[in-house]
file my_file_39.cif (mmCIF, C-alpha atoms)
data_run
#
loop_
_atom_site.label_atom_id
_atom_site.label_comp_id
_atom_site.auth_asym_id
_atom_site.auth_seq_id
_atom_site.Cartn_x
_atom_site.Cartn_y
_atom_site.Cartn_z
CA MET A 1 -32.42 150.45 137.36
CA LEU A 2 -31.13 153.92 138.24
CA LEU A 3 -27.57 152.61 138.30
CA ASN A 4 -27.89 151.09 134.81
CA THR A 5 -29.26 154.34 133.44
CA LEU A 6 -26.40 156.37 134.92
CA CYS A 7 -23.83 153.97 133.41
CA PHE A 8 -25.42 154.29 129.99
CA ILE A 9 -25.39 158.11 130.16
CA ALA A 10 -21.73 158.13 131.23
CA CYS A 11 -20.66 155.85 128.36
CA ALA A 12 -22.58 157.93 125.85
CA ALA A 13 -20.96 161.13 127.11
CA LEU A 14 -17.49 159.58 126.89
CA ALA A 15 -18.08 158.44 123.32
CA THR A 16 -19.35 161.88 122.32
CA ALA A 17 -16.33 163.58 123.83
CA HIS A 18 -13.94 161.19 122.03
CA ALA A 19 -15.71 161.83 118.74
CA ASN A 20 -14.93 165.52 118.98
CA HIS A 21 -11.19 164.79 118.66
CA ASP A 22 -9.80 165.00 115.13
CA GLN A 23 -8.00 161.63 115.26
CA LYS A 24 -7.54 159.10 112.43
CA PRO A 25 -7.06 155.38 113.05
CA ILE A 26 -3.57 154.00 112.39
CA ALA A 27 -3.48 151.47 109.56
CA GLY A 28 -1.48 148.36 110.25
CA PRO A 29 0.89 146.85 109.56
CA HIS A 30 2.53 150.19 108.79
CA LYS A 31 4.18 150.10 105.38
CA SER A 32 7.33 151.83 106.57
CA LEU A 33 8.05 148.80 108.72
CA TRP A 34 7.90 146.28 105.86
CA TYR A 35 11.15 144.68 104.72
CA ASN A 36 10.19 143.49 101.26
CA THR A 37 9.54 146.80 99.50
CA ARG A 38 12.09 146.17 96.72
CA ARG A 39 14.18 149.11 97.84
CA PRO A 40 17.96 148.78 97.93
CA ILE A 41 19.42 147.44 101.15
CA PRO A 42 22.80 148.38 102.62
CA GLY A 43 25.67 146.69 100.79
CA ASP A 44 26.01 145.87 97.13
CA GLY A 45 22.31 146.22 96.33
CA GLY A 46 19.48 143.76 95.88
CA THR A 47 16.46 143.26 98.06
CA GLN A 48 15.84 141.74 101.45
CA ALA A 49 13.17 139.17 102.11
CA ASP A 50 10.19 139.64 104.38
CA SER A 51 10.45 138.18 107.87
CA VAL A 52 11.56 134.67 106.96
CA PHE A 53 9.57 133.06 109.74
CA SER A 54 6.25 134.37 108.42
CA GLY A 55 4.16 134.07 105.29
CA ILE A 56 3.55 131.25 102.84
CA SER A 57 6.71 129.29 102.05
CA THR A 58 8.12 129.07 98.55
CA PHE A 59 11.66 127.96 97.78
CA GLY A 60 13.95 130.71 99.02
CA ARG A 61 10.94 133.08 99.24
CA LEU A 62 10.82 133.17 95.45
CA PRO A 63 7.71 134.45 93.66
CA TYR A 64 5.04 131.78 93.23
CA TRP A 65 3.13 131.15 90.04
CA PRO A 66 0.68 128.28 89.29
CA CYS A 67 2.64 127.28 86.20
CA LEU A 68 0.81 123.99 85.67
CA THR A 69 -2.53 125.74 85.23
CA ASP A 70 -1.37 129.09 83.84
CA ASP A 71 1.39 129.37 81.24
CA SER A 72 1.31 133.15 80.97
CA GLU A 73 4.37 133.68 83.19
CA LYS A 74 7.80 132.91 81.74
CA TYR A 75 10.81 131.70 83.70
CA ASP A 76 14.41 130.58 83.20
CA ILE A 77 14.56 128.34 86.27
CA ALA A 78 11.50 126.82 87.91
CA PHE A 79 11.21 124.88 91.16
CA LEU A 80 8.62 122.11 91.00
CA GLY A 81 7.51 119.67 93.71
CA ALA A 82 6.85 115.96 93.13
CA PRO A 83 5.31 114.66 96.40
CA PHE A 84 5.57 110.91 95.74
CA ASP A 85 6.81 108.22 98.14
CA THR A 86 4.87 105.03 97.42
CA ALA A 87 7.79 103.16 95.87
CA THR A 88 10.22 103.36 98.76
CA SER A 89 11.63 100.23 100.37
CA TYR A 90 12.16 101.36 103.97
CA ARG A 91 10.92 104.59 105.56
CA PRO A 92 8.11 106.46 103.77
CA GLY A 93 7.44 110.18 104.20
CA ALA A 94 9.20 111.83 101.26
CA ARG A 95 5.83 112.99 99.94
CA PHE A 96 6.29 115.79 102.47
CA GLY A 97 9.75 116.55 101.08
CA PRO A 98 8.76 119.45 98.80
CA ASN A 99 7.04 121.26 101.64
CA GLY A 100 9.89 120.50 104.05
CA ILE A 101 12.57 121.72 101.65
CA ARG A 102 10.69 124.96 101.12
CA GLN A 103 10.49 125.41 104.88
CA GLY A 104 14.21 124.74 105.16
CA SER A 105 14.95 127.34 102.47
CA ARG A 106 13.24 130.28 104.15
CA ARG A 107 16.43 132.06 105.20
CA LEU A 108 18.42 131.57 101.97
CA ASN A 109 18.06 135.18 100.87
CA LEU A 110 17.66 136.76 104.29
CA TYR A 111 20.82 138.81 103.69
CA GLY A 112 20.34 139.16 99.93
CA GLY A 113 21.27 135.68 98.65
CA TYR A 114 24.84 136.33 97.48
CA ASN A 115 26.87 133.09 97.27
CA VAL A 116 30.41 134.03 98.26
CA PRO A 117 32.31 130.92 97.01
CA LEU A 118 30.50 130.99 93.65
CA ASP A 119 30.67 134.80 93.37
CA ALA A 120 27.05 134.89 92.23
CA ASN A 121 23.59 135.82 93.49
CA PRO A 122 21.00 133.45 92.02
CA PHE A 123 18.22 135.60 93.51
CA ASN A 124 19.44 138.74 91.72
CA SER A 125 20.70 137.87 88.25
CA TRP A 126 19.76 137.70 84.58
CA ALA A 127 17.44 134.75 85.32
CA THR A 128 13.74 134.80 86.11
CA VAL A 129 13.29 132.18 88.83
CA LEU A 130 9.88 131.00 90.07
CA ASP A 131 8.42 128.43 92.43
CA CYS A 132 5.75 126.67 90.40
CA GLY A 133 4.25 124.65 93.25
CA ASP A 134 3.69 120.89 93.15
CA ILE A 135 2.58 118.37 90.57
CA PRO A 136 -0.73 116.81 91.74
CA VAL A 137 0.42 113.24 92.43
CA THR A 138 -1.95 110.44 93.43
CA SER A 139 -0.93 108.17 96.29
CA TYR A 140 -3.23 105.34 95.16
CA ASP A 141 -1.80 104.27 91.78
CA ASN A 142 1.96 104.31 91.17
CA ALA A 143 1.69 103.93 87.42
CA TYR A 144 -0.64 106.89 87.15
CA ALA A 145 1.46 108.93 89.60
CA ILE A 146 4.59 108.35 87.51
CA GLN A 147 2.67 109.48 84.44
CA GLN A 148 1.53 112.62 86.27
CA ILE A 149 5.12 113.46 87.20
CA GLU A 150 6.40 112.96 83.66
CA GLU A 151 3.66 115.04 82.06
CA GLY A 152 3.76 117.78 84.69
CA HIS A 153 7.52 118.16 84.39
CA ASN A 154 7.49 118.07 80.61
CA SER A 155 4.80 120.73 80.37
CA LEU A 156 7.12 123.13 82.23
CA LEU A 157 10.37 121.99 80.62
CA THR A 158 9.21 122.50 77.03
CA ARG A 159 7.95 126.08 77.34
CA ALA A 160 9.77 129.12 76.01
CA PRO A 161 12.08 130.61 78.67
CA ALA A 162 12.09 134.24 79.76
CA THR A 163 15.59 134.75 78.35
CA ASN A 164 16.87 134.18 74.79
CA ALA A 165 13.87 132.05 73.81
CA LYS A 166 14.40 132.68 70.11
CA GLU A 167 18.10 131.80 70.10
CA ALA A 168 19.49 128.36 69.26
CA GLY A 169 20.01 126.02 72.20
CA PRO A 170 21.04 122.43 73.02
CA ALA A 171 17.55 120.88 73.01
CA LYS A 172 16.00 119.03 70.08
CA ASP A 173 15.43 121.22 67.02
CA GLN A 174 18.05 123.57 68.53
CA LYS A 175 15.54 124.99 70.97
CA THR A 176 16.40 126.97 74.07
CA LEU A 177 14.40 125.76 77.05
CA PRO A 178 14.13 126.69 80.73
CA ARG A 179 15.66 124.61 83.53
CA ILE A 180 13.54 122.72 86.05
CA ILE A 181 14.67 121.83 89.60
CA THR A 182 12.42 119.18 91.11
CA LEU A 183 11.82 118.69 94.84
CA GLY A 184 11.12 115.03 95.71
CA GLY A 185 9.64 112.70 96.61
CA ASP A 186 11.39 109.34 96.73
CA HIS A 187 14.02 108.60 94.12
CA THR A 188 11.60 106.79 91.83
CA ILE A 189 10.61 110.21 90.51
CA THR A 190 13.89 110.44 88.59
CA LEU A 191 12.59 107.87 86.07
CA PRO A 192 9.63 109.98 84.86
CA LEU A 193 11.82 113.08 85.04
CA LEU A 194 14.40 111.44 82.74
CA ARG A 195 11.58 110.41 80.40
CA SER A 196 10.54 114.06 80.27
CA VAL A 197 14.12 115.23 79.68
CA ASN A 198 14.56 112.59 76.97
CA LYS A 199 11.64 114.05 75.03
CA ALA A 200 13.37 117.42 75.04
CA TYR A 201 17.06 116.47 74.73
CA GLY A 202 17.38 112.79 73.88
CA PRO A 203 19.68 110.47 75.89
CA ILE A 204 21.42 112.45 78.59
CA SER A 205 24.44 112.16 80.89
CA VAL A 206 23.62 111.84 84.58
CA ILE A 207 25.55 112.85 87.70
CA HIS A 208 24.03 110.90 90.57
CA PHE A 209 24.86 111.74 94.20
CA ASP A 210 23.67 108.89 96.42
CA SER A 211 24.74 106.30 98.94
CA HIS A 212 23.04 103.60 96.81
CA LEU A 213 23.51 102.46 93.23
CA ASP A 214 19.81 102.47 92.24
CA THR A 215 20.62 100.37 89.17
CA TRP A 216 19.57 97.09 90.76
CA ARG A 217 17.80 94.50 88.68
CA PRO A 218 14.15 94.28 89.79
CA LYS A 219 14.52 90.59 90.69
CA VAL A 220 17.30 91.56 93.10
CA PHE A 221 15.65 94.65 94.55
CA GLY A 222 12.04 94.01 95.49
CA GLY A 223 11.55 90.74 93.67
CA ALA A 224 9.36 92.26 90.93
CA PRO A 225 6.15 90.32 91.74
CA THR A 226 4.35 92.59 89.24
CA PRO A 227 5.58 94.89 86.45
CA GLN A 228 4.67 97.95 88.50
CA ALA A 229 6.43 96.64 91.60
CA SER A 230 9.62 96.39 89.56
CA VAL A 231 9.70 100.20 89.33
CA ASN A 232 10.90 101.58 92.64
CA HIS A 233 13.54 103.80 94.20
CA GLY A 234 16.24 101.15 93.83
CA THR A 235 15.61 100.15 90.19
CA TYR A 236 14.71 103.33 88.29
CA PHE A 237 18.16 103.67 86.66
CA TYR A 238 17.93 100.05 85.51
CA HIS A 239 14.72 100.96 83.71
CA ALA A 240 16.14 104.28 82.46
CA HIS A 241 19.04 102.40 80.86
CA GLY A 242 16.67 99.84 79.33
CA GLU A 243 14.53 102.62 77.86
CA GLY A 244 17.54 104.35 76.29
CA LEU A 245 17.25 107.48 78.44
CA LEU A 246 20.92 107.53 79.49
CA ALA A 247 23.87 108.59 77.35
CA ASN A 248 26.23 105.62 77.11
CA ASP A 249 29.26 105.57 79.44
CA THR A 250 29.04 109.21 80.52
CA ASN A 251 27.17 108.69 83.78
CA ILE A 252 28.61 108.65 87.28
CA HIS A 253 27.60 107.94 90.88
CA ALA A 254 29.22 109.82 93.76
CA GLY A 255 28.98 109.05 97.47
CA ILE A 256 28.27 105.31 97.15
CA ARG A 257 28.63 103.23 100.33
CA THR A 258 25.78 100.73 100.17
CA THR A 259 25.87 97.02 100.92
CA LEU A 260 25.34 94.77 97.91
CA SER A 261 23.72 91.48 97.06
CA GLY A 262 27.14 90.65 95.63
CA LEU A 263 29.80 92.03 93.32
CA SER A 264 27.53 91.28 90.39
CA ASP A 265 25.64 94.44 91.40
CA TYR A 266 28.69 96.43 90.36
CA ASP A 267 28.85 94.53 87.06
CA ASN A 268 25.20 95.34 86.39
CA ASP A 269 25.86 98.97 87.27
CA GLY A 270 28.59 99.08 84.63
CA TYR A 271 26.19 97.66 82.06
CA CYS A 272 23.89 100.58 82.84
CA GLY A 273 26.69 102.98 81.90
CA PHE A 274 27.86 104.26 85.28
CA GLU A 275 31.23 104.88 86.87
CA ILE A 276 31.37 104.76 90.67
CA VAL A 277 32.97 107.15 93.15
CA GLU A 278 32.65 105.64 96.61
CA ALA A 279 32.15 107.85 99.66
CA ARG A 280 35.36 106.57 101.28
CA GLU A 281 37.47 107.86 98.38
CA ILE A 282 37.27 111.30 99.93
CA ASP A 283 39.83 110.02 102.45
CA THR A 284 42.36 109.26 99.72
CA ILE A 285 41.79 111.57 96.75
CA GLY A 286 39.96 114.34 98.60
CA MET A 287 37.23 116.60 97.31
CA ALA A 288 39.41 117.83 94.45
CA GLY A 289 39.95 114.27 93.24
CA ILE A 290 36.23 113.52 93.33
CA ILE A 291 35.45 116.71 91.42
CA LYS A 292 38.00 115.77 88.77
CA LYS A 293 36.55 112.28 88.34
CA ILE A 294 33.05 113.70 87.83
CA ARG A 295 34.15 116.39 85.39
CA ASP A 296 36.30 113.97 83.39
CA ARG A 297 33.37 111.57 83.11
CA VAL A 298 30.62 113.93 81.90
CA GLY A 299 32.58 116.76 80.27
CA THR A 300 31.43 120.33 79.77
CA GLU A 301 29.95 120.15 76.27
CA LYS A 302 26.84 117.96 76.47
CA PRO A 303 23.60 118.44 78.44
CA VAL A 304 23.72 116.86 81.91
CA TYR A 305 21.05 115.88 84.41
CA LEU A 306 21.87 116.18 88.13
CA SER A 307 20.15 113.93 90.69
CA ILE A 308 20.91 114.32 94.40
CA ASP A 309 19.73 111.89 97.07
CA ILE A 310 19.97 113.58 100.45
CA ASP A 311 21.32 110.31 101.89
CA THR A 312 24.61 111.18 100.21
CA LEU A 313 25.11 113.02 103.47
CA ASP A 314 25.91 111.17 106.65
CA PRO A 315 22.85 110.75 108.93
CA ALA A 316 24.56 113.05 111.41
CA PHE A 317 23.88 115.85 108.92
CA ALA A 318 20.71 114.53 107.25
CA PRO A 319 18.85 112.04 109.45
CA ALA A 320 15.46 112.56 107.78
CA THR A 321 15.68 110.22 104.82
CA GLY A 322 14.18 106.95 103.71
CA THR A 323 17.26 104.72 103.70
CA PRO A 324 20.04 106.32 105.77
CA GLU A 325 23.61 104.99 105.52
CA THR A 326 26.40 105.93 107.92
CA GLY A 327 29.84 106.88 106.66
CA GLY A 328 28.65 109.66 104.38
CA TRP A 329 29.90 113.12 103.56
CA THR A 330 29.36 116.31 105.52
CA THR A 331 27.23 119.15 104.21
CA ARG A 332 30.39 121.21 103.69
CA GLU A 333 31.98 118.46 101.60
CA LEU A 334 28.91 117.93 99.42
CA ARG A 335 28.44 121.64 98.80
CA THR A 336 32.12 122.06 97.93
CA ILE A 337 31.99 119.16 95.46
CA ILE A 338 28.87 120.55 93.80
CA ARG A 339 30.46 123.99 93.46
CA GLY A 340 33.39 122.25 91.78
CA LEU A 341 31.06 121.30 88.91
CA GLU A 342 30.81 124.88 87.67
CA GLY A 343 30.69 125.08 83.88
CA ILE A 344 28.91 121.74 83.37
CA ASN A 345 25.77 122.01 81.23
CA PHE A 346 23.05 121.23 83.77
CA VAL A 347 19.68 121.30 82.04
CA ALA A 348 17.62 119.97 84.97
CA ALA A 349 18.08 118.63 88.48
CA ASP A 350 16.30 116.99 91.38
CA ILE A 351 16.81 116.44 95.09
CA VAL A 352 15.04 113.48 96.65
CA GLU A 353 14.40 111.27 99.69
CA VAL A 354 13.86 114.12 102.17
CA ALA A 355 11.36 112.76 104.71
CA PRO A 356 10.78 115.57 107.23
CA ALA A 357 8.99 113.39 109.80
CA TYR A 358 12.36 111.92 110.81
CA ASP A 359 14.13 115.27 111.07
CA THR A 360 15.29 117.01 114.21
CA ASN A 361 13.51 120.05 115.63
CA ALA A 362 16.35 122.09 114.15
CA GLU A 363 15.37 121.05 110.57
CA LEU A 364 18.87 119.76 109.78
CA THR A 365 17.87 117.72 106.74
CA THR A 366 15.53 120.19 105.10
CA MET A 367 18.09 122.98 105.55
CA ALA A 368 20.82 120.77 104.08
CA ALA A 369 18.63 120.00 101.07
CA ALA A 370 17.75 123.66 100.55
CA ASP A 371 21.37 124.78 100.88
CA THR A 372 22.45 122.12 98.38
CA LEU A 373 19.93 123.41 95.85
CA PHE A 374 21.17 126.94 96.53
CA GLU A 375 24.51 125.77 95.14
CA VAL A 376 22.83 124.09 92.15
CA MET A 377 20.82 127.20 91.44
CA GLY A 378 24.03 129.23 91.58
CA LEU A 379 25.72 126.92 89.06
CA MET A 380 22.82 127.31 86.64
CA VAL A 381 22.83 131.09 86.93
CA LYS A 382 26.60 131.30 86.44
CA ARG A 383 26.41 129.04 83.40
CA GLY A 384 24.10 131.56 81.77
CA PRO A 385 21.01 131.07 79.61
CA MET A 386 20.55 127.72 77.92
CA SER A 387 21.29 129.37 74.58
CA VAL A 388 25.00 129.70 75.49
CA MET A 389 25.49 126.00 76.25
CA GLY A 390 27.92 123.90 74.30
CA THR A 391 30.78 126.38 74.52
CA GLY A 392 32.33 124.79 77.60
CA GLU A 393 32.62 128.23 79.17
CA ALA A 394 30.65 129.56 82.12
CA ARG A 395 28.60 132.63 81.30
CA GLY A 396 26.69 134.85 83.68
CA ASP A 397 25.05 137.28 81.27
CA GLY A 398 21.99 137.21 79.07
CA GLU A 399 19.27 139.56 77.90
CA ARG A 400 15.59 139.02 78.55
CA ASP A 401 13.19 138.81 75.61
CA SER A 402 11.19 141.55 77.29
CA VAL A 403 11.73 143.68 80.34
CA ARG A 404 8.86 143.77 82.78
CA GLY A 405 8.90 146.29 85.58
CA GLY A 406 8.08 144.69 88.90
CA GLY A 407 6.22 141.71 87.46
CA LYS A 408 6.12 138.26 89.05
CA GLY A 409 9.45 136.57 88.62
CA GLU A 410 11.30 139.85 88.25
CA LEU A 411 14.38 139.49 90.44
#

call {"tool": "encode", "arguments": {"input": "my_file_39.cif", "output": "structure tokens"}}
result
Amino acid sequence: MLLNTLCFIACAALATAHANHDQKPIAGPHKSLWYNTRRPIPGDGGTQADSVFSGISTFGRLPYWPCLTDDSEKYDIAFLGAPFDTATSYRPGARFGPNGIRQGSRRLNLYGGYNVPLDANPFNSWATVLDCGDIPVTSYDNAYAIQQIEEGHNSLLTRAPATNAKEAGPAKDQKTLPRIITLGGDHTITLPLLRSVNKAYGPISVIHFDSHLDTWRPKVFGGAPTPQASVNHGTYFYHAHGEGLLANDTNIHAGIRTTLSGLSDYDNDGYCGFEIVEAREIDTIGMAGIIKKIRDRVGTEKPVYLSIDIDTLDPAFAPATGTPETGGWTTRELRTIIRGLEGINFVAADIVEVAPAYDTNAELTTMAAADTLFEVMGLMVKRGPMSVMGTGEARGDGERDSVRGGGKGEL
């Protein structure tokens, strides 16, 4: 008992003595240690991201805004997830693609985000760029899920952009609209996305990077036991053609190396309005020849939709995908080809079939997908606001409708 009492007295005395010191607690984390304070960093200016291995992931550490539930924030380019994978024929898992791609994009602007080959910084330009999160997609009803994707995408696509909203643009009624980049999801999502784009622009030219045609007749691919089963990641372009969503004879595949049911698959593909660039052509005409074929096919005057299946890449570079095919391109080759499309009028884009469960610990596939979209984002920024489209010239300027100091989306 005496020992306990002595211990109590000693502790009380120590506390009293410490209280006599004029010492303030140190707040943490100390603000002077923060990276992302929007102050200039050494070099040509811009800002540096927070520690890229911490925090909540958005694409490229972009500002997040719940665009689907709150339309108060304007944007010129928006990233939007479509976590759908219940129409794939082989390996599922692309519902986790949007999250995986965001994880793979964490270091994109670690050093400021300047793209040396494109001579542009999509993170520090005229454009307001946001990550708008994901469309809520059911995994229990494909028909309803496809409707959710179409309506979610269209609600973002048809809003007034942050830049030049009142100027004439290439959309219906000469409207200027923002651009949407969608993170898939299996490739079926391109059908509802094209339906959304059709409402805004009418029939559109498509550049399709893939190892597969995806124009198969439903009886050939999947057997079509029900009308809904006929809509899957190998038939969506067949349906898009039938619905009049594609501009006639201005569409092109690149990277094709799939097996076929027969040469009639190529005939059917031609009926759907596509030209084919096979993956193996890179050995004969090179990247420059492939770029020329794509540019000659779609031109630089009309609106174009860009769809990229990550299985365009060889599985050595992107193993985490639903239907991998060997003999594909390297990440360097794909990125170079995409950069060669500068000046084309991209109004929207998607990247699909990223299934992170099959990736390596090094996140090869998700990084490849994120880096590919970094190039796409750069092309859109260099092309300028949608109001300047139709000139055939790349523009990198543009004035905002209003200047907001330090608001969300301010880059």

call {"tool": "resolve_selection", "arguments": {"input": "my_file_39.cif", "expression": "the PyMOL selection byres ((chain A and resi 378) around 8)", "output": "ChimeraX atom specification"}}
result
/A:115,118,120-122,374-377,379-382

call {"tool": "closest_residue", "arguments": {"input": "my_file_39.cif", "among": "A:Phe59, A:Tyr64, A:Trp126, A:Tyr90", "to": "A:Asp76", "atoms": "only C-alpha atoms"}}
result
A:Trp126

call {"tool": "atom_distance", "arguments": {"input": "my_file_39.cif", "atom1": "atom CA of A:Asp309", "atom2": "atom CA of A:Ala94"}}
result
11.3 Å

call {"tool": "resolve_selection", "arguments": {"input": "my_file_39.cif", "expression": "the PyMOL selection byres ((chain A and resi 253) around 9)", "output": "PyMOL selection string"}}
result
chain A and resi 206-213+251-252+254-256+274-278+294

call {"tool": "residues_near_point", "arguments": {"input": "my_file_39.cif", "point": "(15.8, 119.5, 112.2)", "cutoff": "12 Å", "atoms": "all atoms listed in the file", "output": "ChimeraX atom specification"}}
result
/A:100-101,103-104,315-321,354-369

call {"tool": "write_last_selection", "arguments": {"input": "my_file_39.cif", "atoms": "C-alpha atoms", "output": "compact mmCIF listing (two decimals), keeping the file's coordinate frame"}}
result
# COMPACT_ATOMS: atom_id res chain seq x y z
CA GLY A 100 9.89 120.50 104.05
CA ILE A 101 12.57 121.72 101.65
CA GLN A 103 10.49 125.41 104.88
CA GLY A 104 14.21 124.74 105.16
CA PRO A 315 22.85 110.75 108.93
CA ALA A 316 24.56 113.05 111.41
CA PHE A 317 23.88 115.85 108.92
CA ALA A 318 20.71 114.53 107.25
CA PRO A 319 18.85 112.04 109.45
CA ALA A 320 15.46 112.56 107.78
CA THR A 321 15.68 110.22 104.82
CA VAL A 354 13.86 114.12 102.17
CA ALA A 355 11.36 112.76 104.71
CA PRO A 356 10.78 115.57 107.23
CA ALA A 357 8.99 113.39 109.80
CA TYR A 358 12.36 111.92 110.81
CA ASP A 359 14.13 115.27 111.07
CA THR A 360 15.29 117.01 114.21
CA ASN A 361 13.51 120.05 115.63
CA ALA A 362 16.35 122.09 114.15
CA GLU A 363 15.37 121.05 110.57
CA LEU A 364 18.87 119.76 109.78
CA THR A 365 17.87 117.72 106.74
CA THR A 366 15.53 120.19 105.10
CA MET A 367 18.09 122.98 105.55
CA ALA A 368 20.82 120.77 104.08
CA ALA A 369 18.63 120.00 101.07

call {"tool": "residues_near_point", "arguments": {"input": "my_file_39.cif", "point": "(13.6, 119.1, 68.7)", "cutoff": "8 Å", "atoms": "all atoms listed in the file", "output": "mmCIF file with C-alpha atoms, in the coordinates of the input"}}
result
data_model
loop_
_atom_site.group_PDB
_atom_site.id
_atom_site.type_symbol
_atom_site.label_atom_id
_atom_site.label_comp_id
_atom_site.auth_asym_id
_atom_site.auth_seq_id
_atom_site.Cartn_x
_atom_site.Cartn_y
_atom_site.Cartn_z
ATOM 1 C CA ALA A 171 17.550 120.880 73.010
ATOM 2 C CA LYS A 172 16.000 119.030 70.080
ATOM 3 C CA ASP A 173 15.430 121.220 67.020
ATOM 4 C CA GLN A 174 18.050 123.570 68.530
ATOM 5 C CA LYS A 175 15.540 124.990 70.970
ATOM 6 C CA ALA A 200 13.370 117.420 75.040
ATOM 7 C CA TYR A 201 17.060 116.470 74.730
#

call {"tool": "resolve_selection", "arguments": {"input": "my_file_39.cif", "expression": "the PyMOL selection byres ((chain A and resi 168) around 12)", "output": "list of chain:residue names"}}
result
A:Ala160, A:Thr163, A:Asn164, A:Ala165, A:Lys166, A:Glu167, A:Gly169, A:Pro170, A:Ala171, A:Lys172, A:Asp173, A:Gln174, A:Lys175, A:Thr176, A:Leu177, A:Pro385, A:Met386, A:Ser387, A:Val388, A:Met389, A:Gly390

call {"tool": "build_atoms", "arguments": {"input": "my_file_39.cif", "residues": "stretch 254-259 of chain A", "atoms": "all heavy atoms", "output": "mmCIF file, keeping the file's coordinate frame"}}
result
data_model
loop_
_atom_site.group_PDB
_atom_site.id
_atom_site.type_symbol
_atom_site.label_atom_id
_atom_site.label_comp_id
_atom_site.auth_asym_id
_atom_site.auth_seq_id
_atom_site.Cartn_x
_atom_site.Cartn_y
_atom_site.Cartn_z
ATOM 1 N N ALA A 254 28.271 109.283 92.797
ATOM 2 C CA ALA A 254 29.220 109.820 93.760
ATOM 3 C C ALA A 254 28.626 109.714 95.161
ATOM 4 O O ALA A 254 27.470 110.078 95.374
ATOM 5 C CB ALA A 254 29.551 111.279 93.448
ATOM 6 N N GLY A 255 29.427 109.195 96.100
ATOM 7 C CA GLY A 255 28.980 109.050 97.470
ATOM 8 C C GLY A 255 28.537 107.647 97.847
ATOM 9 O O GLY A 255 27.997 107.428 98.929
ATOM 10 N N ILE A 256 28.778 106.679 96.968
ATOM 11 C CA ILE A 256 28.270 105.310 97.150
ATOM 12 C C ILE A 256 28.937 104.643 98.369
ATOM 13 O O ILE A 256 30.150 104.704 98.555
ATOM 14 C CB ILE A 256 28.537 104.465 95.894
ATOM 15 C CG1 ILE A 256 27.825 105.083 94.678
ATOM 16 C CG2 ILE A 256 28.100 103.021 96.109
ATOM 17 C CD1 ILE A 256 26.319 105.145 94.792
ATOM 18 N N ARG A 257 28.107 103.994 99.192
ATOM 19 C CA ARG A 257 28.630 103.230 100.330
ATOM 20 C C ARG A 257 27.635 102.156 100.772
ATOM 21 O O ARG A 257 27.613 101.738 101.921
ATOM 22 C CB ARG A 257 28.933 104.180 101.500
ATOM 23 C CG ARG A 257 27.752 104.996 101.963
ATOM 24 C CD ARG A 257 28.180 106.063 102.957
ATOM 25 N NE ARG A 257 27.055 106.783 103.538
ATOM 26 C CZ ARG A 257 26.404 107.780 102.944
ATOM 27 N NH1 ARG A 257 26.759 108.174 101.728
ATOM 28 N NH2 ARG A 257 25.393 108.385 103.562
ATOM 29 N N THR A 258 26.825 101.697 99.859
ATOM 30 C CA THR A 258 25.780 100.730 100.170
ATOM 31 C C THR A 258 26.335 99.320 100.305
ATOM 32 O O THR A 258 27.431 99.011 99.811
ATOM 33 C CB THR A 258 24.718 100.747 99.063
ATOM 34 O OG1 THR A 258 23.662 99.848 99.399
ATOM 35 C CG2 THR A 258 25.323 100.306 97.742
ATOM 36 N N THR A 259 25.590 98.454 100.995
ATOM 37 C CA THR A 259 25.870 97.020 100.920
ATOM 38 C C THR A 259 25.288 96.492 99.615
ATOM 39 O O THR A 259 24.444 97.141 98.988
ATOM 40 C CB THR A 259 25.243 96.279 102.105
ATOM 41 O OG1 THR A 259 23.827 96.547 102.119
ATOM 42 C CG2 THR A 259 25.864 96.725 103.417
#
